[in-house]
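Student: What follows is coords.csv, made up of CSV, C-alpha atoms:
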chain,number,residue,atom,x,y,z
A,24,SER,CA,-16.1,8.2,8.1
A,25,GLN,CA,-14.6,5.6,5.7
A,26,LYS,CA,-13.1,2.6,7.4
A,27,ILE,CA,-11.4,-0.6,6.4
A,28,GLU,CA,-11.0,-3.3,9.0
A,29,GLN,CA,-8.7,-6.3,8.9
A,30,ASN,CA,-8.0,-8.7,11.7
A,31,SER,CA,-5.5,-6.9,13.8
A,32,GLU,CA,-4.3,-10.0,15.6
A,33,ALA,CA,-1.9,-12.5,14.0
A,34,LEU,CA,-3.5,-15.5,12.3
A,35,ASN,CA,-1.8,-18.8,13.0
A,36,ILE,CA,-2.5,-21.6,10.5
A,37,GLN,CA,-1.1,-25.1,10.2
A,38,GLU,CA,0.8,-25.9,7.0
A,39,GLY,CA,-1.4,-27.5,4.4
A,40,LYS,CA,-4.6,-25.9,5.7
A,41,THR,CA,-6.5,-23.1,4.0
A,42,ALA,CA,-5.9,-19.6,5.5
A,43,THR,CA,-8.8,-17.2,5.2
A,44,LEU,CA,-8.3,-13.4,5.8
A,45,THR,CA,-11.1,-10.9,6.1
A,46,CYS,CA,-11.4,-7.3,4.9
A,47,ASN,CA,-14.5,-5.4,6.0
A,48,TYR,CA,-15.3,-1.8,5.0
A,49,THR,CA,-17.8,0.8,5.8
A,50,ASN,CA,-18.9,4.1,4.1
A,51,TYR,CA,-17.2,3.1,0.8
A,52,SER,CA,-18.5,2.2,-2.6
A,53,PRO,CA,-15.3,0.8,-3.9
A,54,ALA,CA,-15.0,0.1,-7.6
A,55,TYR,CA,-12.0,-2.1,-7.0
A,56,LEU,CA,-10.5,-4.0,-4.2
A,57,GLN,CA,-6.9,-5.2,-4.1
A,58,TRP,CA,-4.8,-7.5,-1.9
A,59,TYR,CA,-1.1,-7.0,-1.3
A,60,ARG,CA,1.5,-9.0,0.5
A,61,GLN,CA,4.2,-7.3,2.7
A,62,ASP,CA,7.3,-9.0,4.1
A,63,PRO,CA,9.3,-7.4,6.9
A,64,GLY,CA,11.4,-4.5,5.7
A,65,ARG,CA,10.0,-4.6,2.2
A,66,GLY,CA,7.4,-2.7,0.3
A,67,PRO,CA,3.9,-4.2,-0.4
A,68,VAL,CA,3.6,-6.5,-3.4
A,69,PHE,CA,0.4,-6.7,-5.5
A,70,LEU,CA,-1.4,-10.1,-5.4
A,71,LEU,CA,-4.9,-9.8,-6.8
A,72,LEU,CA,-7.4,-7.2,-8.0
A,73,ILE,CA,-11.2,-7.8,-8.0
A,74,ARG,CA,-13.8,-5.5,-9.5
A,75,GLU,CA,-17.2,-4.6,-8.0
A,76,ASN,CA,-19.0,-6.7,-10.6
A,77,GLU,CA,-16.9,-9.8,-9.9
A,78,LYS,CA,-17.7,-12.2,-7.2
A,79,GLU,CA,-14.5,-14.2,-7.2
A,80,LYS,CA,-11.0,-14.2,-8.6
A,81,ARG,CA,-8.4,-16.9,-8.5
A,82,LYS,CA,-4.7,-17.1,-9.1
A,83,GLU,CA,-2.8,-20.3,-8.4
A,84,ARG,CA,-3.4,-21.1,-4.7
A,85,LEU,CA,-5.0,-17.7,-4.0
A,86,LYS,CA,-8.7,-16.9,-4.2
A,87,VAL,CA,-10.5,-13.6,-3.4
A,88,THR,CA,-14.2,-13.0,-3.0
A,89,PHE,CA,-15.9,-9.6,-3.0
A,90,ASP,CA,-19.4,-9.1,-1.6
A,91,THR,CA,-20.6,-5.5,-2.0
A,92,THR,CA,-23.8,-6.2,-0.1
A,93,LEU,CA,-21.9,-7.5,3.0
A,94,LYS,CA,-19.1,-4.9,2.3
A,95,GLN,CA,-16.6,-7.7,2.7
A,96,SER,CA,-13.8,-9.4,0.9
A,97,LEU,CA,-12.3,-12.8,1.8
A,98,PHE,CA,-8.8,-13.8,0.8
A,99,HIS,CA,-8.0,-17.5,0.8
A,100,ILE,CA,-4.7,-19.3,0.5
A,101,THR,CA,-5.1,-23.0,0.0
A,102,ALA,CA,-2.5,-25.6,0.8
A,103,SER,CA,-0.7,-23.0,2.9
A,104,GLN,CA,3.1,-23.1,3.2
A,105,PRO,CA,5.5,-21.5,5.7
A,106,ALA,CA,6.7,-19.2,2.9
A,107,ASP,CA,3.2,-17.7,2.8
A,108,SER,CA,3.9,-16.2,6.2
A,109,ALA,CA,3.6,-12.4,5.8
A,110,THR,CA,1.3,-9.4,6.4
A,111,TYR,CA,-1.5,-9.2,3.9
A,112,LEU,CA,-3.1,-5.8,3.1
A,113,CYS,CA,-6.5,-5.1,1.7
A,114,ALA,CA,-6.8,-1.9,-0.3
A,115,LEU,CA,-9.9,-0.1,-1.8
A,116,THR,CA,-10.3,2.5,-4.4
A,117,GLY,CA,-13.3,4.5,-5.5
A,118,GLY,CA,-11.7,5.3,-8.8
A,119,GLY,CA,-10.3,8.8,-7.9
A,120,ALA,CA,-6.8,10.0,-8.7
A,121,ASP,CA,-5.8,9.5,-5.1
A,122,GLY,CA,-5.6,5.8,-5.6
A,123,LEU,CA,-5.9,3.3,-2.9
A,124,THR,CA,-6.8,3.3,0.8
A,125,PHE,CA,-5.2,0.5,2.7
A,126,GLY,CA,-6.3,-1.5,5.7
A,127,LYS,CA,-3.8,-2.1,8.5
A,128,GLY,CA,-3.1,-5.6,7.4
A,129,THR,CA,-3.3,-9.1,8.9
A,130,HIS,CA,-0.1,-10.9,10.0
A,131,LEU,CA,-0.4,-14.5,8.8
A,132,ILE,CA,1.9,-17.2,10.3
A,133,ILE,CA,1.9,-20.6,8.7
A,134,GLN,CA,3.3,-23.1,11.1
A,135,PRO,CA,5.1,-26.3,9.9
B,1,ASP,CA,10.5,-6.0,-9.9
B,2,ALA,CA,9.2,-2.7,-11.1
B,3,GLY,CA,12.0,-0.2,-11.7
B,4,ILE,CA,11.4,2.0,-8.7
B,5,THR,CA,14.1,3.1,-6.3
B,6,GLN,CA,14.1,5.3,-3.2
B,7,SER,CA,17.0,7.3,-1.7
B,8,PRO,CA,18.2,7.4,0.9
B,9,ARG,CA,17.2,4.1,2.3
B,10,HIS,CA,18.0,5.1,5.8
B,11,LYS,CA,18.3,8.5,7.4
B,12,VAL,CA,18.7,9.9,10.9
B,13,THR,CA,18.2,13.6,11.3
B,14,GLU,CA,17.5,16.2,14.0
B,15,THR,CA,14.3,18.0,14.8
B,16,GLY,CA,13.9,21.2,12.7
B,17,THR,CA,16.2,20.2,9.8
B,18,PRO,CA,14.8,19.9,6.3
B,19,VAL,CA,14.8,16.5,4.7
B,20,THR,CA,14.2,15.5,1.1
B,21,LEU,CA,13.4,11.9,0.0
B,22,ARG,CA,13.6,10.9,-3.6
B,23,CYS,CA,11.6,8.4,-5.6
B,24,HIS,CA,12.9,7.4,-9.0
B,25,GLN,CA,11.1,5.2,-11.6
B,26,THR,CA,12.1,3.8,-14.9
B,27,GLU,CA,8.6,2.6,-15.9
B,28,ASN,CA,7.3,5.9,-17.3
B,29,HIS,CA,4.2,5.5,-15.1
B,30,ARG,CA,1.9,8.5,-14.8
B,31,TYR,CA,0.9,8.2,-11.2
B,32,MET,CA,3.2,8.4,-8.2
B,33,TYR,CA,2.4,8.3,-4.5
B,34,TRP,CA,4.1,8.9,-1.2
B,35,TYR,CA,2.9,6.9,1.8
B,36,ARG,CA,4.1,6.6,5.4
B,37,GLN,CA,3.7,3.4,7.4
B,38,ASP,CA,3.5,3.3,11.2
B,39,PRO,CA,2.7,0.6,13.6
B,40,GLY,CA,-1.1,0.7,14.4
B,41,HIS,CA,-1.8,2.9,11.4
B,42,GLY,CA,-0.9,1.0,8.3
B,43,LEU,CA,-0.1,2.8,5.1
B,44,ARG,CA,-1.3,6.3,4.9
B,45,LEU,CA,-1.2,8.5,1.8
B,46,ILE,CA,0.8,11.7,2.1
B,47,HIS,CA,0.7,13.2,-1.4
B,48,TYR,CA,0.3,11.9,-4.9
B,49,SER,CA,1.0,13.0,-8.4
B,50,TYR,CA,-1.0,12.4,-11.6
B,51,GLY,CA,1.5,14.0,-14.0
B,52,VAL,CA,4.4,16.3,-14.2
B,53,LYS,CA,3.8,19.3,-12.0
B,54,ASP,CA,0.4,17.9,-11.1
B,55,THR,CA,0.2,17.0,-7.4
B,56,ASP,CA,-2.4,16.8,-4.7
B,57,LYS,CA,-2.7,16.2,-0.9
B,58,GLY,CA,-3.5,12.9,0.7
B,59,GLU,CA,-4.8,12.0,4.1
B,60,VAL,CA,-1.7,13.1,6.1
B,61,SER,CA,-0.1,15.9,4.2
B,62,ASP,CA,0.5,18.4,7.0
B,63,GLY,CA,4.3,19.1,7.3
B,64,TYR,CA,5.1,17.7,3.9
B,65,SER,CA,5.5,19.1,0.4
B,66,VAL,CA,6.2,17.4,-2.9
B,67,SER,CA,7.5,18.2,-6.4
B,68,ARG,CA,7.5,16.4,-9.7
B,69,SER,CA,9.4,18.2,-12.4
B,70,LYS,CA,10.1,15.1,-14.4
B,71,THR,CA,8.0,11.9,-15.1
B,72,GLU,CA,10.6,9.8,-13.4
B,73,ASP,CA,11.2,11.7,-10.2
B,74,PHE,CA,8.9,12.5,-7.2
B,75,LEU,CA,10.4,14.3,-4.3
B,76,LEU,CA,9.0,14.4,-0.8
B,77,THR,CA,10.2,17.2,1.5
B,78,LEU,CA,9.9,17.7,5.2
B,79,GLU,CA,10.5,21.4,5.6
B,80,SER,CA,11.2,21.2,9.3
B,81,ALA,CA,11.3,17.6,10.5
B,82,THR,CA,9.6,16.7,13.8
B,83,SER,CA,9.8,13.5,15.8
B,84,SER,CA,6.2,12.6,14.8
B,85,GLN,CA,7.6,12.2,11.2
B,86,THR,CA,9.8,9.3,12.3
B,87,SER,CA,8.4,6.6,10.0
B,88,VAL,CA,9.0,4.3,7.1
B,89,TYR,CA,8.2,6.1,3.8
B,90,PHE,CA,7.2,4.2,0.7
B,91,CYS,CA,6.9,5.5,-2.8
B,92,ALA,CA,4.5,3.8,-5.2
B,93,ILE,CA,3.7,4.1,-8.9
B,94,SER,CA,0.8,3.1,-11.1
B,95,GLY,CA,0.4,3.2,-14.8
B,96,THR,CA,-2.8,3.5,-16.8
B,97,SER,CA,-5.1,4.8,-14.1
B,98,SER,CA,-5.3,5.5,-10.4
B,99,THR,CA,-7.2,2.2,-10.0
B,100,ASP,CA,-4.3,0.2,-11.5
B,101,THR,CA,-2.0,-2.0,-9.5
B,102,GLN,CA,0.5,0.0,-7.4
B,103,TYR,CA,4.2,-1.0,-7.4
B,104,PHE,CA,6.1,0.0,-4.3
B,105,GLY,CA,9.6,1.0,-3.7
B,106,PRO,CA,11.8,-0.5,-1.0
B,107,GLY,CA,11.1,2.2,1.5
B,108,THR,CA,13.1,4.8,3.4
B,109,ARG,CA,13.4,4.5,7.2
B,110,LEU,CA,13.6,8.0,8.6
B,111,THR,CA,14.4,8.7,12.2
B,112,VAL,CA,14.0,12.3,13.6
B,113,LEU,CA,15.7,12.8,16.9
Please rewrite the model in this file as structure tokens.

Tutor:
Amino acid sequence: SQKIEQNSEALNIQEGKTATLTCNYTNYSPAYLQWYRQDPGRGPVFLLLIRENEKEKRKERLKVTFDTTLKQSLFHITASQPADSATYLCALTGGGADGLTFGKGTHLIIQP
Amino acid sequence: DAGITQSPRHKVTETGTPVTLRCHQTENHRYMYWYRQDPGHGLRLIHYSYGVKDTDKGEVSDGYSVSRSKTEDFLLTLESATSSQTSVYFCAISGTSSTDTQYFGPGTRLTVL
């Protein structure tokens, strides 16, 4: 069956360091991969989208890589800040009308 | 923020009662989705719509029905609520295609006693 795995344990990073989150998937051939941020009590908010023919995408302090051979995406936050503390969700789509399938998310904590 | 609202934001109901949750958008987006989010499970798709009167089932559709009579409104109905349907429900919309970015509403916290 199709499966998306993200680190289930919280990730603690010291302020100023680079945070790296991992999304692994199996039994998928996703055309697109997206990353979302979710704060407590709020809906997810879109951050970045990367297509299967793209290796890397950047937006300000954020960088996403997509390796379809390893079936893995890495999400990096450079110069991390306490305000970056949140749960980060990986989502995949095969292009069908049913949209995205989400991973369970990784809780990131940036410590001052 | 995308123009998407959900109502009610909180609801407590009893087992066996019908419940309807409403999602309203002002973006004229074609695609609308209902998800539930539970600890340990993440976001799971319940139903989705790809146009007015066009809907289909998602991963966890049992016990739920939906309707979309207008572009802007997508209703989720629990015909006879059960305690296992206690959850946070999110509506989402996307525009040009199903692979497009999804914009989420603020969520509805539903408790079934």

Student: Which residue out of A:Gly66, A:Pro135, A:Pro53, A:Gly122 has the minimum interatomic distance to Glu59 of chain B when all atoms listed in the file are used?

Tutor: A:Gly122

Student: For chain B against chain A, which residues fall within 8 Å using all atoms listed in the file, given as a PyMOL selection string?

Tutor: chain B and resi 40-45+48+50+58+90+97-99+101-107

Student: Just the residues within 7 Å of segment 76-78 of chain A, please, counting all atoms listed in the file, with nothing from its chain fewer than 4 positions along; format it as a ChimeraX atom specification.

Tutor: /A:88-90

Student: Find the residues around Leu131 of chain A up to 7 Å (all atoms listed in the file counted), leave out those fewer than 6 positions away in its own chain, and share them as number ranges by chain.

Tutor: A: 33-35, 108-110

Student: Pick the closest to Ser83 of chain B from B:Thr111, B:Thr26, B:Thr20, B:Gln37: which is it, counting only C-alpha atoms?

Tutor: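 Smallest distance to Ser83 of chain B is found for B:Thr111.
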
Student: Using only C-alpha atoms, what residues lie at most 10 Å away from (5.7, -24.7, 2.1) (file coordinates), given as a list in words?

Tutor: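 Here is the list of nearby residues: Glu38, Gly39, Ala102, Ser103, Gln104, Pro105, Ala106, Asp107, Ser108, Ile133, Gln134 and Pro135 of chain A.
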
Student: Here is a test: counting all atoms listed in the file, which residue of A:Arg60, A:Glu83, A:Thr101, A:Thr49 is nearest to Ile36 of chain A?

Tutor: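 Selected residue with least distance to Ile36 of chain A: A:Thr101.
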
Student: Point out the residue among B:Cys91, B:Thr5, B:His29, B:Val19 with the least atom-to-atom distance to Tyr64 of chain B, counting all atoms listed in the file.

Tutor: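 Residue with the minimum atom-to-atom distance to Tyr64 of chain B: B:Val19.
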
Student: Separation of atom CA of Asn30 of chain A and atom CA of Cys113 of chain A, in Å?

Tutor: 10.7 Å

Student: Counting all atoms listed in the file, what is within 8 Å of Leu44 of chain A, bar same-chain residues fewer than 6 positions away, as a list in words?

Tutor: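 What passes the distance filter is Gln29, Asn30, Leu97, Phe98, His99 and Thr129 of chain A.
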
Student: So how far away is atom CA of Arg109 of chain B from atom CA of His130 of chain A, in Å?

Tutor: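 For atom CA of His130 of chain A relative to atom CA of Arg109 of chain B, the distance reads 20.7 Å.
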
Student: Which is closer to Glu32 of chain A than all the others in A:Lys80, A:Lys86, A:Ile132, A:Thr92, using only C-alpha atoms?

Tutor: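 Of the candidates, the smallest distance to Glu32 of chain A is held by A:Ile132.
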
Student: Would you work out the distance separating atom CA of Lys26 of chain A from atom CA of Ser94 of chain B, expressed in Å to one decimal?

Tutor: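 We find that atom CA of Lys26 of chain A and atom CA of Ser94 of chain B lie 23.1 Å from each other.
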
Student: Compile the contact shell of Thr17 of chain B as a PyMOL selection string: residues with an atom at most 6 Å away, counting all atoms listed in the file, same-chain residues fewer than 3 positions apart removed.

Tutor: chain B and resi 14+80-81

Student: Restricting the calculation to only C-alpha atoms, which member of A:Ile100, A:Ala42, A:Leu93, A:Ile27 is positioned closest to Arg81 of chain A?

Tutor: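 Between A:Ile100, A:Ala42, A:Leu93, A:Ile27, the residue approaching Arg81 of chain A most closely is A:Ile100.
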
Student: My structure is short of atoms at segment 51-78 of chain B; please model N, CA and C atoms there, returning them as a compact mmCIF listing (two decimals), in the frame of the given file.

Tutor:
# COMPACT_ATOMS: atom_id res chain seq x y z
N GLY B 51 0.74 13.51 -12.79
CA GLY B 51 1.50 14.00 -14.00
C GLY B 51 2.54 14.95 -13.56
N VAL B 52 3.39 15.30 -14.52
CA VAL B 52 4.40 16.30 -14.20
C VAL B 52 3.80 17.59 -13.77
N LYS B 53 4.28 18.08 -12.66
CA LYS B 53 3.80 19.30 -12.00
C LYS B 53 2.37 19.23 -11.51
N ASP B 54 1.76 18.07 -11.58
CA ASP B 54 0.40 17.90 -11.10
C ASP B 54 0.43 17.04 -9.80
N THR B 55 0.18 17.70 -8.67
CA THR B 55 0.20 17.00 -7.40
C THR B 55 -0.99 17.37 -6.55
N ASP B 56 -1.28 16.53 -5.56
CA ASP B 56 -2.40 16.80 -4.70
C ASP B 56 -2.11 16.20 -3.31
N LYS B 57 -2.88 16.67 -2.31
CA LYS B 57 -2.70 16.20 -0.90
C LYS B 57 -3.41 14.90 -0.70
N GLY B 58 -2.81 14.10 0.20
CA GLY B 58 -3.50 12.90 0.70
C GLY B 58 -3.98 13.09 2.08
N GLU B 59 -4.13 11.97 2.76
CA GLU B 59 -4.80 12.00 4.10
C GLU B 59 -3.93 12.67 5.16
N VAL B 60 -2.59 12.57 5.07
CA VAL B 60 -1.70 13.10 6.10
C VAL B 60 -0.65 14.01 5.57
N SER B 61 -1.05 15.06 4.90
CA SER B 61 -0.10 15.90 4.20
C SER B 61 0.52 17.04 4.99
N ASP B 62 -0.01 17.31 6.17
CA ASP B 62 0.50 18.40 7.00
C ASP B 62 2.00 18.19 7.28
N GLY B 63 2.84 19.22 7.01
CA GLY B 63 4.30 19.10 7.30
C GLY B 63 5.09 18.58 6.15
N TYR B 64 4.42 18.23 5.06
CA TYR B 64 5.10 17.70 3.90
C TYR B 64 4.78 18.48 2.63
N SER B 65 5.75 18.52 1.72
CA SER B 65 5.50 19.10 0.40
C SER B 65 6.13 18.13 -0.62
N VAL B 66 5.68 18.25 -1.87
CA VAL B 66 6.20 17.40 -2.90
C VAL B 66 6.46 18.19 -4.17
N SER B 67 7.28 17.61 -5.05
CA SER B 67 7.50 18.20 -6.40
C SER B 67 7.74 17.11 -7.37
N ARG B 68 7.26 17.38 -8.59
CA ARG B 68 7.50 16.40 -9.70
C ARG B 68 7.76 17.24 -10.94
N SER B 69 9.04 17.42 -11.25
CA SER B 69 9.40 18.20 -12.40
C SER B 69 9.71 17.32 -13.62
N LYS B 70 9.86 16.02 -13.38
CA LYS B 70 10.10 15.10 -14.40
C LYS B 70 9.20 13.83 -14.18
N THR B 71 8.84 13.12 -15.23
CA THR B 71 8.00 11.90 -15.10
C THR B 71 8.63 10.95 -14.08
N GLU B 72 9.95 10.81 -14.13
CA GLU B 72 10.60 9.80 -13.40
C GLU B 72 10.89 10.07 -11.93
N ASP B 73 10.81 11.33 -11.52
CA ASP B 73 11.20 11.70 -10.20
C ASP B 73 10.06 12.35 -9.38
N PHE B 74 9.91 11.90 -8.14
CA PHE B 74 8.90 12.50 -7.20
C PHE B 74 9.57 12.69 -5.89
N LEU B 75 9.69 13.94 -5.50
CA LEU B 75 10.40 14.30 -4.30
C LEU B 75 9.44 14.61 -3.15
N LEU B 76 9.77 14.12 -1.98
CA LEU B 76 9.00 14.40 -0.80
C LEU B 76 9.91 15.21 0.16
N THR B 77 9.44 16.38 0.59
CA THR B 77 10.20 17.20 1.50
C THR B 77 9.54 17.47 2.79
N LEU B 78 10.30 17.27 3.86
CA LEU B 78 9.90 17.70 5.20
C LEU B 78 10.58 18.98 5.46
